[in-house]
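Structure, as structure tokens:
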There are 2 protein chains.
Amino acid sequence: MTALPNRDRRSERREATRLEIVDAAWRVAREDGLAAVTLREIGRLVGMQAPSLYSHFPSKNAIYDAMFGQAWQQIVTWFDDRPPMPSAPRRALLWLAEGFFDFAVADVARYQLMNRAAVPGFQPSEDAYAHSVAAYGRMRDVLRAAGVRRAADLDLWTAITGGAVDQQLANEPDGTRWRRQLARLVDMFADEVGVAGPKLRRAR
Amino acid sequence: MTALPNRDRRSERREATRLEIVDAAWRVAREDGLAAVTLREIGRLVGMQAPSLYSHFPSKNAIYDAMFGQAWQQIVTWFDDRPPMPSAPRRALLWLAEGFFDFAVADVARYQLMNRAAVPGFQPSEDAYAHSVAAYGRMRDVLRAAGVRRAADLDLWTAITGGAVDQQLANEPDGTRWRRQLARLVDMFADEVGVAGPKLRRAR
DNA sequence: GTCTATATTCTGATAGAC
DNA sequence: GTCTATCAGAATATAGAC
């Protein structure tokens, strides 16, 4: 009978190589945009010929898929690494809005890949998609803790926070013009949906 | 001395062909997305071989450029063709928000091309860009008429209205889930920046 | 598991006949 | 002004030697 070692050095090495490949793909995406991610360029960065990548991923879309799953895991880690959520409801909302905003602006390519239709023809697998559902659930928990539950109110929230991010990225990718409006936006939102607590900013 | 006719039938025909080409490009973009616009496909629709297009446009980017300029002219026409702007400030804001929203949703490819970085490598010419400046000025006039002047308040407005459009297109391209929130968003905004008048919707 | 070589397909653009 | 023929380059993916 063959001995079963509790560490499989071969598959550990294999997994490390896969991570190297995905890392290289991220570097290309950050540098030149998602559309510039090609197998040749990834191969160049990891020191491989492009066809060799097929020993580790069955297709280019499988690489995008790994990136997509990673990105949604990272946003969870991102919030875990931040100062903990404040207990005051409006402070908690601002904490969520700023965390989301900073995450998006920190890596535009990542933010684009997370939202659908960024890469023509790419559809995440069920497994990768599950990570996005989990992360979205975590963000909804924060809103819930602040007393926001109605579906229409959640739609208001996504419009406001997503809008601030999109304007920032479209008009001033390296600035803070819309980030500086987050406290006002949160106050507006909190007033409208009836979140208690003092205003984050005093009225004009 | 050669007679100078006041109509140049040749250049009229030429201009008509240019319009036909741009129209075909729009049809491709609407049907299969901006990325699917290729010279061969445009040629197929207008009944020409792809290289013949170079008799009318110096490059593919020049076609995108014509589309870009057209789109920004169309949004001005769009508002001109609507019922006139109401005089009540909050009604005027809702009129602007709904007009912008409906214009964006009516043709997603057009909306994408109008905002930057939709087509890799495409930069509008100065002439085409001027149309966007003009249209943006018209929208700012509406806000001004409603008493909104501060730069920060304009940023708030673009975040809110752009955010509603982006969420609608990303999550439910053919629905009205975020459109139905526009009146609430306008009320929130109007309260925050101090636009007078009764609420569009009664409080919860 | 990585290589070379190649298949296949698509793109924007140019040359030159008519 | 439109055509055919073609270029030059890029892309993903496969076959098969080592």
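Letters for chains follow the order of the structure tokens (A, B, ...), residue numbers begin at 1 for each chain, and ligand numbers begin at 1 in the order shown.
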
Under the rule of at most 12 Å, produce a per-residue listing of chain B near chain C: chain, number, name, the closest pair of atoms, and the distance in Å, as JSON lines, using only C-alpha atoms (C1' of nucleotides).
```
{"residue": "B:Ala35", "atom": "CA", "partner": "C:DT11", "partner_atom": "C1'", "distance": 11.5}
{"residue": "B:Ala36", "atom": "CA", "partner": "C:DT11", "partner_atom": "C1'", "distance": 11.0}
{"residue": "B:Val37", "atom": "CA", "partner": "C:DT11", "partner_atom": "C1'", "distance": 10.9}
{"residue": "B:Thr38", "atom": "CA", "partner": "C:DT11", "partner_atom": "C1'", "distance": 8.0}
{"residue": "B:Leu39", "atom": "CA", "partner": "C:DG12", "partner_atom": "C1'", "distance": 8.0}
{"residue": "B:Arg40", "atom": "CA", "partner": "C:DT11", "partner_atom": "C1'", "distance": 9.5}
{"residue": "B:Glu41", "atom": "CA", "partner": "C:DT11", "partner_atom": "C1'", "distance": 11.7}
{"residue": "B:Ala50", "atom": "CA", "partner": "C:DG12", "partner_atom": "C1'", "distance": 9.9}
{"residue": "B:Pro51", "atom": "CA", "partner": "C:DA13", "partner_atom": "C1'", "distance": 8.0}
{"residue": "B:Ser52", "atom": "CA", "partner": "C:DA13", "partner_atom": "C1'", "distance": 11.3}
{"residue": "B:Leu53", "atom": "CA", "partner": "C:DA13", "partner_atom": "C1'", "distance": 11.0}
{"residue": "B:Tyr54", "atom": "CA", "partner": "C:DA13", "partner_atom": "C1'", "distance": 9.0}
{"residue": "B:Pro58", "atom": "CA", "partner": "C:DA13", "partner_atom": "C1'", "distance": 9.9}
{"residue": "B:Ser59", "atom": "CA", "partner": "C:DG12", "partner_atom": "C1'", "distance": 8.2}
{"residue": "B:Lys60", "atom": "CA", "partner": "C:DG12", "partner_atom": "C1'", "distance": 7.6}
{"residue": "B:Asn61", "atom": "CA", "partner": "C:DG12", "partner_atom": "C1'", "distance": 10.2}
```

Hey, list the chain A side of the contact with chain B: 10 Å cut-off, only C-alpha atoms, answer as an MDAnalysis selection string.
-> chainID A and resid 33 35:36 115:117 120 152:153 155:168 170:171 177:178 180:182 184:185 187:194 203:204

Can you list, as a VMD selection string, every residue of stretch 6-197 of chain B that DSSP puts in helix (DSSP H, G or I)?
-> chain B and resid 9 to 32 34 to 36 39 to 46 50 to 55 60 to 80 89 to 106 108 to 114 126 to 145 151 to 171 179 to 193

Per residue of chain D within 10 Å of chain A, record the nearest atom pair and its distance in Å to one decimal, counting only C-alpha atoms (C1' of nucleotides), with rows in chain order and ascending residue number, as a tab-separated table.
```
residue	atom	partner	partner_atom	distance
D:DA11	C1'	A:Thr38	CA	7.9
D:DT12	C1'	A:Lys60	CA	7.8
D:DA13	C1'	A:Pro51	CA	8.0
D:DT14	C1'	A:Pro51	CA	9.1
```

Atom CA of A:Val186 to atom CA of A:Ala92, straight-line distance in Å | 9.9 Å

Report the distance between atom CA of B:Arg7 and atom CA of B:Ser55 in Å, rounded to one decimal place.
-> 21.8 Å

Å distance separating atom CA of A:Met139 from atom CA of A:Phe100, one decimal place =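 Going from atom CA of A:Met139 over to atom CA of A:Phe100 covers 9.2 Å.
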
Which residues, written as a list in words, have at least one atom at most 10 Å from A:Val46, with only C-alpha atoms (C1' of nucleotides) counted and residues fewer than 6 positions away on the same chain left out?
-> Thr17, Glu20, Ile21, Val22, Asp23, Ala24, Ala25 and Leu53 of chain A

Could those residues be written to a file, using C-alpha atoms, as an mmCIF file, in the first residue's frame?
```cif
data_model
loop_
_atom_site.group_PDB
_atom_site.id
_atom_site.type_symbol
_atom_site.label_atom_id
_atom_site.label_comp_id
_atom_site.auth_asym_id
_atom_site.auth_seq_id
_atom_site.Cartn_x
_atom_site.Cartn_y
_atom_site.Cartn_z
ATOM 1 C CA THR A 17 2.499 28.702 -9.911
ATOM 2 C CA GLU A 20 2.091 33.608 -9.764
ATOM 3 C CA ILE A 21 0.145 33.624 -13.011
ATOM 4 C CA VAL A 22 -2.863 35.399 -11.520
ATOM 5 C CA ASP A 23 -0.540 37.917 -9.873
ATOM 6 C CA ALA A 24 1.088 38.651 -13.201
ATOM 7 C CA ALA A 25 -2.334 39.116 -14.797
ATOM 8 C CA LEU A 53 -0.009 28.703 -19.292
#
```
